[in-house]
file upload-v4.cif (mmCIF, C-alpha atoms and all ligand atoms)
data_final
#
loop_
_atom_site.label_atom_id
_atom_site.label_comp_id
_atom_site.auth_asym_id
_atom_site.auth_seq_id
_atom_site.Cartn_x
_atom_site.Cartn_y
_atom_site.Cartn_z
CA PHE A 142 0.00 0.00 0.00
CA PHE A 143 1.16 3.50 -0.82
CA ASP A 144 1.19 5.23 2.54
CA TYR A 145 -1.26 7.96 1.77
CA ASN A 146 -1.82 9.16 5.31
CA ASN A 147 1.71 10.29 5.82
CA HIS A 148 2.41 11.39 2.31
CA HIS A 149 2.56 15.17 1.79
CA GLY A 150 1.08 15.62 5.23
CA HIS A 151 -2.35 14.14 4.50
CA HIS A 152 -4.46 12.91 7.36
CA ASP A 153 -7.36 10.52 7.23
CA HIS A 154 -10.04 12.97 8.32
CA HIS A 155 -10.75 13.78 4.65
CA ASP A 156 -14.21 13.27 3.31
CA GLY A 157 -13.89 9.86 1.72
CA ARG A 158 -16.52 10.59 -0.90
CA ASN A 159 -14.63 13.53 -2.24
CA ALA A 160 -13.55 12.92 -5.84
CA ASN A 161 -10.76 15.51 -5.49
CA TRP A 162 -9.36 13.60 -2.56
CA ALA A 163 -9.27 10.43 -4.67
CA LYS A 164 -7.52 12.33 -7.47
CA GLU A 165 -5.03 13.75 -5.00
CA LEU A 166 -4.16 10.30 -3.71
CA ILE A 167 -3.77 8.83 -7.17
CA GLY A 168 -1.72 11.86 -8.23
CA ASP A 169 0.57 11.51 -5.21
CA ALA A 170 1.18 7.84 -5.95
CA LEU A 171 1.90 8.52 -9.63
CA ARG A 172 4.18 11.45 -8.84
CA ASP A 173 6.06 9.61 -6.12
CA ARG A 174 6.89 6.79 -8.51
CA VAL A 175 7.89 8.70 -11.62
CA GLU A 176 9.83 11.45 -9.86
CA ASN A 177 12.05 8.80 -8.30
CA ILE A 178 13.16 7.29 -11.58
CA ASP A 179 16.46 8.41 -13.03
CA HIS A 180 15.69 7.96 -16.72
CA GLU A 181 19.36 8.34 -17.73
CA PHE A 182 20.78 5.66 -15.46
CA CYS A 183 17.94 3.40 -14.27
CA GLU A 184 18.04 -0.38 -14.59
CA PRO A 185 16.22 -1.96 -17.57
CA GLY A 186 12.51 -2.01 -16.73
CA GLU A 187 12.62 0.47 -13.86
CA GLU A 188 10.71 2.88 -16.08
CA ASP A 189 8.14 0.19 -16.96
CA THR A 190 4.46 0.94 -17.19
CA PHE A 191 2.62 0.65 -13.85
CA PHE A 192 -0.88 0.94 -12.42
CA VAL A 193 -2.28 2.91 -9.52
CA ALA A 194 -5.40 1.20 -8.15
CA ASP A 195 -7.79 3.08 -5.89
CA LEU A 196 -9.59 0.44 -3.84
CA GLY A 197 -11.83 3.19 -2.47
CA GLU A 198 -13.38 3.40 -5.92
CA VAL A 199 -14.23 -0.32 -5.79
CA TYR A 200 -15.86 0.26 -2.41
CA ARG A 201 -17.92 3.18 -3.77
CA GLN A 202 -19.04 1.03 -6.69
CA HIS A 203 -20.17 -1.62 -4.23
CA LEU A 204 -22.24 0.90 -2.24
CA ARG A 205 -23.71 2.18 -5.53
CA TRP A 206 -24.65 -1.38 -6.48
CA LYS A 207 -26.36 -1.96 -3.14
CA LEU A 208 -28.28 1.29 -3.50
CA ASN A 209 -29.52 0.51 -7.00
CA LEU A 210 -29.92 -3.28 -6.92
CA PRO A 211 -30.40 -4.08 -3.25
CA ARG A 212 -31.94 -7.51 -3.91
CA VAL A 213 -29.23 -8.70 -6.30
CA LYS A 214 -26.08 -10.24 -4.83
CA PRO A 215 -23.03 -9.58 -7.05
CA PHE A 216 -20.68 -12.46 -7.96
CA TYR A 217 -17.68 -10.51 -9.31
CA ALA A 218 -16.49 -11.83 -12.71
CA VAL A 219 -12.84 -12.62 -11.94
CA LYS A 220 -11.87 -12.76 -15.66
CA CYS A 221 -12.26 -8.99 -15.89
CA ASN A 222 -9.35 -8.30 -13.54
CA PRO A 223 -8.04 -10.93 -11.11
CA ASP A 224 -6.00 -8.40 -9.11
CA PRO A 225 -5.43 -10.00 -5.67
CA LYS A 226 -6.19 -6.87 -3.61
CA LEU A 227 -9.33 -6.17 -5.59
CA LEU A 228 -10.49 -9.75 -4.96
CA GLU A 229 -9.57 -9.47 -1.29
CA LEU A 230 -11.63 -6.31 -0.82
CA LEU A 231 -14.62 -7.85 -2.61
CA SER A 232 -14.30 -10.97 -0.53
CA VAL A 233 -14.33 -8.88 2.69
CA LEU A 234 -17.35 -6.97 1.34
CA GLY A 235 -19.10 -10.34 1.00
CA THR A 236 -19.57 -10.65 -2.76
CA GLY A 237 -19.51 -13.98 -4.54
CA PHE A 238 -17.25 -14.77 -7.50
CA ASP A 239 -17.93 -15.82 -11.08
CA CYS A 240 -15.04 -18.00 -12.24
CA ALA A 241 -14.43 -19.52 -15.66
CA SER A 242 -11.42 -21.80 -15.18
CA LYS A 243 -9.57 -23.95 -12.69
CA ASN A 244 -6.99 -21.24 -11.98
CA GLU A 245 -9.61 -18.61 -11.22
CA ILE A 246 -11.45 -20.99 -8.92
CA GLU A 247 -8.22 -21.95 -7.17
CA GLN A 248 -7.23 -18.30 -6.68
CA VAL A 249 -10.58 -17.52 -5.04
CA LEU A 250 -10.62 -20.67 -2.87
CA ASN A 251 -7.06 -19.92 -1.73
CA MET A 252 -8.29 -16.62 -0.28
CA GLY A 253 -10.44 -18.69 2.08
CA VAL A 254 -13.71 -18.01 0.25
CA ASP A 255 -16.36 -20.68 0.82
CA PRO A 256 -17.10 -22.78 -2.31
CA SER A 257 -20.77 -21.78 -2.04
CA ARG A 258 -19.72 -18.22 -2.97
CA ILE A 259 -18.39 -19.36 -6.36
CA ILE A 260 -20.26 -19.97 -9.58
CA TYR A 261 -18.39 -21.75 -12.37
CA ALA A 262 -20.13 -19.68 -15.05
CA GLN A 263 -18.76 -21.30 -18.18
CA PRO A 264 -21.33 -23.32 -20.12
CA CYS A 265 -18.67 -25.39 -21.97
CA LYS A 266 -16.31 -26.78 -19.36
CA THR A 267 -13.10 -28.83 -19.47
CA ASN A 268 -13.60 -32.38 -18.13
CA SER A 269 -10.66 -32.25 -15.75
CA TYR A 270 -11.87 -28.89 -14.38
CA VAL A 271 -15.27 -30.39 -13.66
CA ARG A 272 -13.56 -33.16 -11.69
CA TYR A 273 -11.48 -30.50 -9.93
CA VAL A 274 -14.49 -28.45 -8.81
CA ALA A 275 -16.23 -31.63 -7.68
CA SER A 276 -13.21 -32.38 -5.46
CA ARG A 277 -13.24 -28.81 -4.05
CA GLY A 278 -16.98 -28.65 -3.39
CA VAL A 279 -17.81 -25.87 -5.88
CA ARG A 280 -21.31 -26.93 -6.87
CA GLN A 281 -22.84 -24.08 -8.85
CA MET A 282 -22.24 -24.09 -12.62
CA THR A 283 -23.97 -23.14 -15.85
CA PHE A 284 -24.90 -25.21 -18.92
CA ASP A 285 -26.65 -24.46 -22.21
CA ASN A 286 -26.56 -27.68 -24.24
CA ALA A 287 -27.31 -31.42 -24.11
CA ASP A 288 -23.71 -32.61 -24.46
CA GLU A 289 -22.71 -30.58 -21.42
CA LEU A 290 -25.56 -32.12 -19.42
CA ARG A 291 -24.31 -35.61 -20.27
CA LYS A 292 -20.76 -34.56 -19.29
CA ILE A 293 -21.98 -33.28 -15.92
CA ALA A 294 -24.12 -36.39 -15.36
CA ARG A 295 -20.99 -38.49 -15.76
CA LEU A 296 -18.49 -36.32 -13.86
CA TYR A 297 -20.44 -34.39 -11.24
CA PRO A 298 -24.10 -35.41 -10.94
CA GLU A 299 -24.47 -33.50 -7.63
CA ALA A 300 -23.72 -30.13 -9.29
CA GLU A 301 -26.23 -27.29 -8.94
CA LEU A 302 -27.03 -26.25 -12.48
CA TYR A 303 -28.08 -22.96 -14.02
CA LEU A 304 -29.59 -23.08 -17.50
CA ARG A 305 -28.02 -20.19 -19.42
CA ILE A 306 -30.42 -18.73 -21.93
CA LEU A 307 -29.81 -16.70 -25.06
CA THR A 308 -30.27 -12.93 -24.97
CA ASP A 309 -30.48 -10.13 -27.47
CA ASP A 310 -26.96 -8.71 -27.06
CA SER A 311 -26.94 -6.71 -30.28
CA SER A 312 -26.38 -3.40 -28.48
CA SER A 313 -23.37 -4.57 -26.45
CA LEU A 314 -19.62 -4.02 -26.99
CA CYS A 315 -18.69 -7.68 -26.65
CA ARG A 316 -21.34 -10.07 -27.85
CA LEU A 317 -21.51 -13.38 -26.09
CA SER A 318 -24.71 -14.91 -27.44
CA LEU A 319 -23.04 -16.00 -30.70
CA LYS A 320 -21.21 -18.50 -28.56
CA PHE A 321 -23.35 -19.24 -25.52
CA GLY A 322 -26.96 -19.50 -24.44
CA ALA A 323 -29.86 -21.88 -25.10
CA SER A 324 -32.64 -20.48 -27.28
CA LEU A 325 -36.14 -20.54 -25.82
CA ASP A 326 -37.19 -23.26 -28.25
CA SER A 327 -34.54 -25.61 -26.80
CA THR A 328 -34.96 -24.96 -23.08
CA ASP A 329 -37.90 -27.32 -22.64
CA SER A 330 -36.06 -30.31 -24.11
CA LEU A 331 -32.90 -29.47 -22.11
CA LEU A 332 -34.93 -29.45 -18.90
CA ALA A 333 -36.52 -32.78 -19.90
CA LEU A 334 -33.08 -34.27 -20.48
CA ALA A 335 -31.78 -32.91 -17.16
CA ARG A 336 -34.73 -34.60 -15.45
CA GLU A 337 -34.11 -37.87 -17.26
CA LEU A 338 -30.42 -37.79 -16.22
CA GLY A 339 -31.42 -37.13 -12.61
CA LEU A 340 -29.60 -33.77 -12.52
CA ASN A 341 -30.21 -30.88 -10.18
CA VAL A 342 -31.25 -27.71 -12.05
CA VAL A 343 -31.44 -24.86 -9.53
CA GLY A 344 -31.67 -21.71 -11.62
CA VAL A 345 -31.54 -19.74 -14.84
CA SER A 346 -28.75 -17.42 -15.97
CA PHE A 347 -28.20 -15.01 -18.81
CA HIS A 348 -25.74 -12.36 -19.98
CA VAL A 349 -26.89 -9.41 -22.10
CA GLY A 350 -23.37 -8.91 -23.52
CA SER A 351 -20.44 -7.08 -21.99
CA GLY A 352 -20.66 -3.31 -22.19
CA ALA A 353 -24.40 -3.44 -22.84
CA SER A 354 -26.13 -0.20 -23.78
CA ASP A 355 -29.80 -1.09 -24.20
CA PRO A 356 -31.59 -1.52 -20.86
CA CYS A 357 -34.46 -3.25 -22.66
CA ALA A 358 -32.15 -6.24 -23.16
CA PHE A 359 -32.46 -6.80 -19.39
CA LEU A 360 -36.25 -6.58 -19.46
CA LYS A 361 -36.55 -9.14 -22.30
CA ALA A 362 -34.05 -11.48 -20.65
CA VAL A 363 -35.91 -11.36 -17.31
CA GLN A 364 -39.19 -12.11 -19.12
CA ASP A 365 -37.58 -15.07 -20.92
CA ALA A 366 -36.09 -16.33 -17.68
CA HIS A 367 -39.55 -16.20 -16.13
CA VAL A 368 -40.87 -18.44 -18.94
CA VAL A 369 -38.05 -20.92 -18.28
CA PHE A 370 -38.83 -20.96 -14.52
CA GLN A 371 -42.36 -22.06 -15.45
CA GLN A 372 -41.10 -24.68 -17.91
CA ALA A 373 -38.80 -26.03 -15.20
CA ALA A 374 -41.71 -26.29 -12.76
CA SER A 375 -43.62 -28.37 -15.31
CA HIS A 376 -40.67 -30.80 -15.30
CA GLY A 377 -40.76 -31.01 -11.53
CA PHE A 378 -37.85 -28.65 -10.79
CA SER A 379 -38.31 -25.97 -8.19
CA LEU A 380 -35.80 -23.33 -9.25
CA LYS A 381 -34.34 -21.15 -6.49
CA THR A 382 -32.08 -18.58 -8.18
CA LEU A 383 -31.99 -16.18 -11.13
CA ASP A 384 -28.54 -15.04 -12.29
CA VAL A 385 -28.77 -11.81 -14.33
CA GLY A 386 -25.13 -11.95 -15.48
CA GLY A 387 -22.90 -8.95 -16.24
CA GLY A 388 -22.96 -6.20 -18.84
CA PHE A 389 -23.17 -3.23 -16.45
CA CYS A 390 -20.99 -0.19 -17.19
CA SER A 391 -19.62 2.11 -14.52
CA ASP A 392 -20.67 5.37 -16.18
CA ASP A 393 -24.07 6.93 -15.52
CA THR A 394 -25.81 4.38 -17.77
CA PHE A 395 -25.61 2.13 -14.70
CA GLU A 396 -28.47 3.86 -12.89
CA GLN A 397 -30.62 3.58 -16.00
CA MET A 398 -29.83 -0.12 -16.57
CA ALA A 399 -30.28 -0.91 -12.91
CA GLY A 400 -33.62 0.93 -12.88
CA VAL A 401 -35.01 -1.12 -15.77
CA LEU A 402 -33.64 -4.35 -14.31
CA ARG A 403 -34.98 -3.58 -10.83
CA ALA A 404 -38.46 -2.91 -12.19
CA ALA A 405 -38.40 -6.10 -14.28
CA LEU A 406 -37.27 -8.16 -11.30
CA ASP A 407 -39.94 -6.62 -9.07
CA GLU A 408 -42.57 -7.58 -11.63
CA TYR A 409 -41.45 -11.10 -12.57
CA PHE A 410 -39.46 -12.18 -9.50
CA PRO A 411 -40.92 -10.13 -6.63
CA ALA A 412 -39.45 -10.40 -3.14
CA HIS A 413 -42.34 -12.60 -1.96
CA SER A 414 -41.53 -15.21 -4.67
CA GLY A 415 -38.57 -16.21 -2.49
CA ILE A 416 -36.30 -16.47 -5.55
CA ASN A 417 -32.65 -15.50 -4.90
CA LEU A 418 -31.19 -12.97 -7.29
CA ILE A 419 -27.50 -12.90 -8.23
CA ALA A 420 -25.41 -11.16 -10.94
CA GLU A 421 -21.93 -11.45 -12.47
CA PRO A 422 -20.62 -7.89 -12.86
CA GLY A 423 -16.98 -7.51 -13.95
CA ARG A 424 -16.32 -4.22 -15.74
CA TYR A 425 -18.63 -2.35 -13.35
CA TYR A 426 -16.34 -3.02 -10.37
CA ALA A 427 -12.91 -2.90 -11.99
CA SER A 428 -12.86 -0.31 -14.75
CA THR A 429 -12.63 3.05 -13.00
CA ALA A 430 -10.40 1.92 -10.13
CA PHE A 431 -7.21 1.54 -12.20
CA THR A 432 -5.05 4.28 -13.74
CA LEU A 433 -2.14 3.29 -16.00
CA ALA A 434 1.09 5.29 -16.40
CA CYS A 435 3.35 4.79 -19.46
CA ASN A 436 6.75 6.18 -20.30
CA VAL A 437 7.57 7.83 -23.62
CA ILE A 438 10.48 5.76 -24.91
CA ALA A 439 10.95 7.23 -28.37
CA ARG A 440 9.73 10.02 -30.60
CA ARG A 441 9.73 10.49 -34.34
CA THR A 442 9.27 13.97 -35.77
CA ILE A 443 7.12 14.27 -38.86
CA GLU A 444 8.08 17.42 -40.70
CA ASP A 445 5.21 19.00 -42.52
CA ALA A 446 5.03 22.18 -44.58
CA SER A 447 2.83 23.87 -41.95
CA ALA A 448 3.72 22.34 -38.58
CA ALA A 449 5.62 19.40 -37.20
CA SER A 450 3.68 16.50 -35.69
CA TYR A 451 5.09 13.63 -33.71
CA MET A 452 4.80 9.90 -33.37
CA VAL A 453 5.46 8.99 -29.75
CA TYR A 454 6.25 5.44 -28.71
CA VAL A 455 5.36 4.39 -25.17
CA ASN A 456 6.33 1.23 -23.28
CA ASP A 457 2.87 -0.39 -23.30
CA GLY A 458 0.55 -1.17 -26.18
CA LEU A 459 -2.01 -3.43 -27.80
CA TYR A 460 -0.05 -6.56 -26.95
CA GLY A 461 0.14 -5.33 -23.34
CA ASN A 462 -2.38 -3.56 -21.13
CA PHE A 463 -4.00 -1.90 -24.13
CA SER A 464 -5.25 -5.33 -25.21
CA SER A 465 -8.62 -3.74 -24.36
CA ILE A 466 -8.44 -1.85 -27.66
CA MET A 467 -8.44 -5.15 -29.58
CA PHE A 468 -10.56 -7.39 -27.39
CA ASP A 469 -12.83 -4.93 -25.64
CA HIS A 470 -13.32 -2.24 -28.31
CA GLN A 471 -12.08 0.52 -26.01
CA HIS A 472 -10.60 3.93 -26.86
CA PRO A 473 -8.34 4.87 -23.93
CA VAL A 474 -7.57 8.60 -23.76
CA ALA A 475 -4.02 9.74 -23.03
CA LYS A 476 -3.30 12.54 -20.58
CA VAL A 477 0.09 14.00 -19.69
CA LEU A 478 1.49 12.88 -16.35
CA ARG A 479 4.93 14.47 -16.56
CA SER A 480 6.64 16.56 -19.19
CA GLY A 481 9.76 18.70 -19.20
CA GLY A 482 10.47 17.78 -15.57
CA ARG A 483 7.05 18.94 -14.35
CA THR A 484 4.30 16.66 -13.05
CA LEU A 485 1.04 17.77 -14.63
CA TYR A 486 -1.44 15.13 -13.44
CA ASN A 487 -4.98 16.47 -13.25
CA THR A 488 -4.10 19.98 -14.47
CA PRO A 489 -5.45 21.67 -17.62
CA ALA A 490 -2.03 21.27 -19.27
CA ALA A 491 -2.36 17.49 -18.90
CA GLU A 492 -5.50 17.27 -20.99
CA SER A 493 -5.68 16.96 -24.72
CA THR A 494 -6.94 19.98 -26.56
CA ASP A 495 -9.22 20.28 -29.59
CA CYS A 496 -7.54 23.55 -30.38
CA VAL A 497 -5.58 23.53 -33.65
CA ASP A 498 -2.71 25.28 -31.85
CA GLY A 499 -2.08 22.09 -29.92
CA ILE A 500 0.74 19.86 -31.11
CA GLU A 501 -0.50 16.74 -32.87
CA TYR A 502 0.62 13.26 -31.80
CA SER A 503 -0.07 9.67 -32.64
CA ILE A 504 0.72 7.22 -29.82
CA TRP A 505 2.27 3.83 -30.49
CA GLY A 506 3.14 0.74 -28.43
CA PRO A 507 6.62 -0.77 -28.08
CA THR A 508 6.32 -3.90 -30.26
CA CYS A 509 7.44 -4.32 -33.84
CA ASP A 510 3.88 -4.71 -35.15
CA GLY A 511 2.21 -1.87 -37.05
CA ILE A 512 -1.15 -2.72 -35.48
CA ASP A 513 0.29 -1.65 -32.13
CA ARG A 514 -1.15 1.87 -32.13
CA ILE A 515 -2.97 3.32 -29.11
CA THR A 516 -4.15 6.63 -30.58
CA ASP A 517 -4.31 7.82 -34.14
CA SER A 518 -4.42 11.54 -33.40
CA ILE A 519 -4.44 13.59 -30.23
CA ARG A 520 -3.32 17.15 -29.47
CA PHE A 521 -1.60 18.47 -26.37
CA PRO A 522 -0.66 22.06 -25.57
CA LEU A 523 2.97 21.06 -24.97
CA LEU A 524 5.89 19.29 -26.58
CA LEU A 525 6.37 15.70 -25.46
CA ASP A 526 9.80 14.11 -25.47
CA VAL A 527 11.53 10.88 -24.50
CA GLY A 528 11.37 10.33 -20.73
CA ASP A 529 7.99 12.07 -20.35
CA TRP A 530 5.05 10.15 -18.92
CA LEU A 531 1.44 9.70 -20.03
CA TYR A 532 -1.45 8.32 -18.01
CA PHE A 533 -4.73 6.68 -18.92
CA GLU A 534 -7.75 6.49 -16.61
CA ASP A 535 -10.38 3.72 -16.43
CA MET A 536 -7.90 0.97 -17.28
CA GLY A 537 -9.11 -1.69 -14.84
CA ALA A 538 -11.32 -3.88 -17.04
CA TYR A 539 -10.08 -6.44 -19.58
CA THR A 540 -6.59 -4.87 -19.74
CA LYS A 541 -3.82 -6.57 -17.76
CA CYS A 542 -5.66 -9.90 -17.77
CA SER A 543 -5.39 -10.22 -21.55
CA ALA A 544 -1.90 -8.74 -21.98
CA THR A 545 0.68 -10.92 -23.76
CA THR A 546 4.47 -11.14 -23.53
CA PHE A 547 4.88 -10.67 -27.30
CA ASN A 548 8.37 -9.41 -28.24
CA GLY A 549 9.55 -10.31 -24.76
CA PHE A 550 7.83 -7.41 -23.00
CA ASN A 551 6.81 -7.84 -19.39
CA ASN A 552 3.06 -8.25 -18.89
CA ASN A 553 3.02 -8.29 -15.12
CA HIS A 554 3.33 -4.65 -14.21
CA ASP A 555 3.38 -3.24 -10.70
CA VAL A 556 0.18 -2.09 -9.09
CA ILE A 557 0.44 0.65 -6.45
CA TYR A 558 -2.61 0.59 -4.19
CA VAL A 559 -4.26 3.61 -2.64
CA CYS A 560 -7.58 3.81 -0.88
CA SER A 561 -9.70 6.96 -0.99
CA GLU A 562 -12.36 5.48 1.31
CA PRO A 563 -11.30 5.11 4.94
CA GLY A 564 -14.12 2.56 5.34
CA ALA A 565 -12.55 0.24 2.78
CA LYS A 566 -9.07 0.75 4.22
CA ALA A 567 -10.33 -0.18 7.68
CA LEU A 568 -11.94 -3.36 6.34
CA LEU A 569 -8.70 -4.42 4.64
CA ASP A 570 -6.60 -3.61 7.71
CA LEU A 571 -8.91 -5.65 9.92
CA HIS A 572 -8.78 -8.54 7.51
N1 LIG A 601 -20.30 -13.50 -16.78
C1 LIG A 601 -19.95 -14.12 -17.91
C2 LIG A 601 -20.42 -15.51 -18.14
C3 LIG A 601 -19.12 -13.47 -18.87
O1 LIG A 601 -18.77 -14.10 -20.00
C4 LIG A 601 -18.69 -12.14 -18.59
C5 LIG A 601 -17.84 -11.41 -19.54
O2 LIG A 601 -17.47 -11.85 -20.58
C6 LIG A 601 -19.06 -11.55 -17.37
C7 LIG A 601 -19.90 -12.24 -16.50
C8 LIG A 601 -18.65 -10.16 -16.99
O3 LIG A 601 -19.23 -9.24 -17.82
P1 LIG A 601 -19.11 -7.68 -17.57
O4 LIG A 601 -17.67 -7.35 -17.42
O5 LIG A 601 -19.73 -7.09 -18.77
O6 LIG A 601 -19.87 -7.35 -16.34
#

call {"tool": "encode", "arguments": {"input": "upload-v4.cif", "output": "structure tokens"}}
result
Amino acid sequence: FFDYNNHHGHHDHHDGRNANWAKELIGDALRDRVENIDHEFCEPGEEDTFFVADLGEVYRQHLRWKLNLPRVKPFYAVKCNPDPKLLELLSVLGTGFDCASKNEIEQVLNMGVDPSRIIYAQPCKTNSYVRYVASRGVRQMTFDNADELRKIARLYPEAELYLRILTDDSSSLCRLSLKFGASLDSTDSLLALARELGLNVVGVSFHVGSGASDPCAFLKAVQDAHVVFQQAASHGFSLKTLDVGGGFCSDDTFEQMAGVLRAALDEYFPAHSGINLIAEPGRYYASTAFTLACNVIARRTIEDASAASYMVYVNDGLYGNFSSIMFDHQHPVAKVLRSGGRTLYNTPAAESTDCVDGIEYSIWGPTCDGIDRITDSIRFPLLLDVGDWLYFEDMGAYTKCSATTFNGFNNNHDVIYVCSEPGAKALLDLH
């Protein structure tokens, strides 16, 4: 942990909800790190990219979830960002975990989390992983096809099964229904087969696509799930749980999505129905908590008749933490952290400018591949040079977890933790 209480004379009586306080903490951590690097003489890798993670932001997101979806228990989707401190805080806050592989399940179990707080939410599972979860007592898992039911009947007949149904994910960033989900005309026969095999179907799950933007997708999916609950009853199953998946963003679309979902749940699965409600949010919890800092390692001047522009090369790119550009359709926005020996975090000079007077840059990653471009065109009011630093906010979701080591670059960068919510810090200290 970056010692924020003693740094620059801060004390912990600050209002934890204050966004400026969070910025100050993140800025202090960034500044402390980059000002202590001697770019002329440092060891190879000392100037590597690094993250600052504000666990207070995760805590605020959790409170926001509870306010907007009080009946829905989140099972954090570990795939989104398996950062150990992030998982630890969520575990202390009492969330469950959505895992998709043996390693994810092992990581969560090794934190001391009870197997009942894990759902193995991967409808097409590896045989040996199914045997593994059976041996570790992780019972909840999803399925969406007949072959998987036969696999589970053979390897783990005691499992508690969720039938994952298809959704309309056409408005989402990352569509999942091309690959997963049973259509409503197949659910009846799947339930019949589950019955015949003597399996234990306990719920229905869906996912409206990651980065969803149409709240109506939630309404339709809840309605479909309600139909499947009735089908299940006609086969003699008494389903206990609805899993509404992920897809929630952390921007202000969340309140709108949550509002539509809450109303749909209140209509089709009201509190008195006794049905448990769970979800699998990933991006919602992780995205805004992580800021990434990158060093400018090279610059190429492009002479033009009117004005020079520059290609700057930084030490992270599409094959690294900016994998989110490829896999998650993101457009991270660069800001200036340090230039010309001055730290500019969170000042007007750090921000890009639309103004034509600004100097134009394209920003490139460190690998030999031409695809490795972070930004095609951005303007800053100052001249960037080798040794300067850029930062990118909202880099917590689907970034580090899908980084490669292509060209021999490190993909396991340092994370400096801060905590802008004393409540979250206290929970972690107690833990
Ligand atoms: N659950 C499942 C089964 C997923 O496949 C995903 C993402 O791909 C998630 C949850 C997390 O989704 P999100 O990050 O959109 O909340």

call {"tool": "axis_aligned_box", "arguments": {"input": "upload-v4.cif", "around": "stretch 543-554 of chain A", "padding_each_side": "6 Å", "output": "lines of an AutoDock Vina configuration file"}}
result
center_x = 2.1
center_y = -7.9
center_z = -21.2
size_x = 26.9
size_y = 18.5
size_z = 26.0

call {"tool": "residues_near_ligand", "arguments": {"input": "upload-v4.cif", "ligand": "ligand LIG 601 (chain A)", "cutoff": "8 Å", "atoms": "only C-alpha atoms and all ligand atoms", "output": "number ranges by chain"}}
result
A: 217-218, 220-221, 239, 241, 262-263, 315, 317, 347-348, 350-353, 386-390, 420-425, 538-539

call {"tool": "atom_distance", "arguments": {"input": "upload-v4.cif", "atom1": "atom CA of A:Pro356", "atom2": "atom CA of A:Gln397"}}
result
7.1 Å

call {"tool": "closest_residue", "arguments": {"input": "upload-v4.cif", "among": "A:Leu571, A:Arg316, A:Asp285, A:Asn341", "to": "A:Pro298", "atoms": "only C-alpha atoms"}}
result
A:Asn341

call {"tool": "atom_distance", "arguments": {"input": "upload-v4.cif", "atom1": "atom CA of A:Ala439", "atom2": "atom CA of A:Tyr454"}}
result
5.0 Å

call {"tool": "residues_near_point", "arguments": {"input": "upload-v4.cif", "point": "(2.3, 16.7, -29.7)", "cutoff": "7 Å", "atoms": "only C-alpha atoms", "output": "PyMOL selection string"}}
result
chain A and resi 450-451+499-502+520-521+523-525

call {"tool": "closest_residue", "arguments": {"input": "upload-v4.cif", "among": "A:Cys509, A:Val279, A:Met398, A:Ile416", "to": "A:Trp206", "atoms": "only C-alpha atoms"}}
result
A:Met398

call {"tool": "closest_residue", "arguments": {"input": "upload-v4.cif", "among": "A:Phe378, A:Phe192, A:Phe410, A:Phe463", "to": "A:Val175", "atoms": "only C-alpha atoms"}}
result
A:Phe192

call {"tool": "residues_around", "arguments": {"input": "upload-v4.cif", "residues": "A:Leu304", "least_positions_apart": "6", "cutoff": "8 Å", "atoms": "all atoms listed in the file", "output": "VMD selection string"}}
result
chain A and resid 283 to 285 323 328 342 344 to 346

call {"tool": "write_last_selection", "arguments": {"input": "upload-v4.cif", "atoms": "C-alpha atoms", "output": "PDB file, in the coordinates of the input"}}
result
ATOM      1  CA  THR A 283     -23.970 -23.140 -15.850  1.00  0.00           C
ATOM      2  CA  PHE A 284     -24.900 -25.210 -18.920  1.00  0.00           C
ATOM      3  CA  ASP A 285     -26.650 -24.460 -22.210  1.00  0.00           C
ATOM      4  CA  ALA A 323     -29.860 -21.880 -25.100  1.00  0.00           C
ATOM      5  CA  THR A 328     -34.960 -24.960 -23.080  1.00  0.00           C
ATOM      6  CA  VAL A 342     -31.250 -27.710 -12.050  1.00  0.00           C
ATOM      7  CA  GLY A 344     -31.670 -21.710 -11.620  1.00  0.00           C
ATOM      8  CA  VAL A 345     -31.540 -19.740 -14.840  1.00  0.00           C
ATOM      9  CA  SER A 346     -28.750 -17.420 -15.970  1.00  0.00           C
TER      10      SER A 346
END

call {"tool": "closest_residue", "arguments": {"input": "upload-v4.cif", "among": "A:Arg291, A:Arg172, A:His413, A:Arg277", "to": "A:Leu331", "atoms": "all atoms listed in the file"}}
result
A:Arg291

call {"tool": "atom_distance", "arguments": {"input": "upload-v4.cif", "atom1": "atom CA of A:Ser414", "atom2": "atom CA of A:Gly377"}}
result
17.2 Å

call {"tool": "closest_residue", "arguments": {"input": "upload-v4.cif", "among": "A:Leu204, A:Asp189, A:Asp329, A:Val343", "to": "A:Gly461", "atoms": "all atoms listed in the file"}}
result
A:Asp189

call {"tool": "residues_near_point", "arguments": {"input": "upload-v4.cif", "point": "(-19.0, -6.8, -2.2)", "cutoff": "10 Å", "atoms": "only C-alpha atoms", "output": "PyMOL selection string"}}
result
chain A and resi 199-200+202-204+206-207+214-217+228-238+426

call {"tool": "residues_around", "arguments": {"input": "upload-v4.cif", "residues": "A:Glu408", "least_positions_apart": "5", "cutoff": "10 Å", "atoms": "all atoms listed in the file", "output": "list in words"}}
result
Val363, Gln364, Leu402 and Arg403 of chain A

call {"tool": "residues_around", "arguments": {"input": "upload-v4.cif", "residues": "A:Thr508", "least_positions_apart": "6", "cutoff": "10 Å", "atoms": "only C-alpha atoms", "output": "list in words"}}
result
Tyr454, Val455, Asn456, Asp457, Gly458, Leu459, Tyr460, Gly461, Arg514, Phe547, Asn548, Gly549 and Phe550 of chain A

call {"tool": "closest_residue", "arguments": {"input": "upload-v4.cif", "among": "A:Ser242, A:Ser465, A:Asn436, A:Thr394", "to": "A:Ile178", "atoms": "all atoms listed in the file"}}
result
A:Asn436
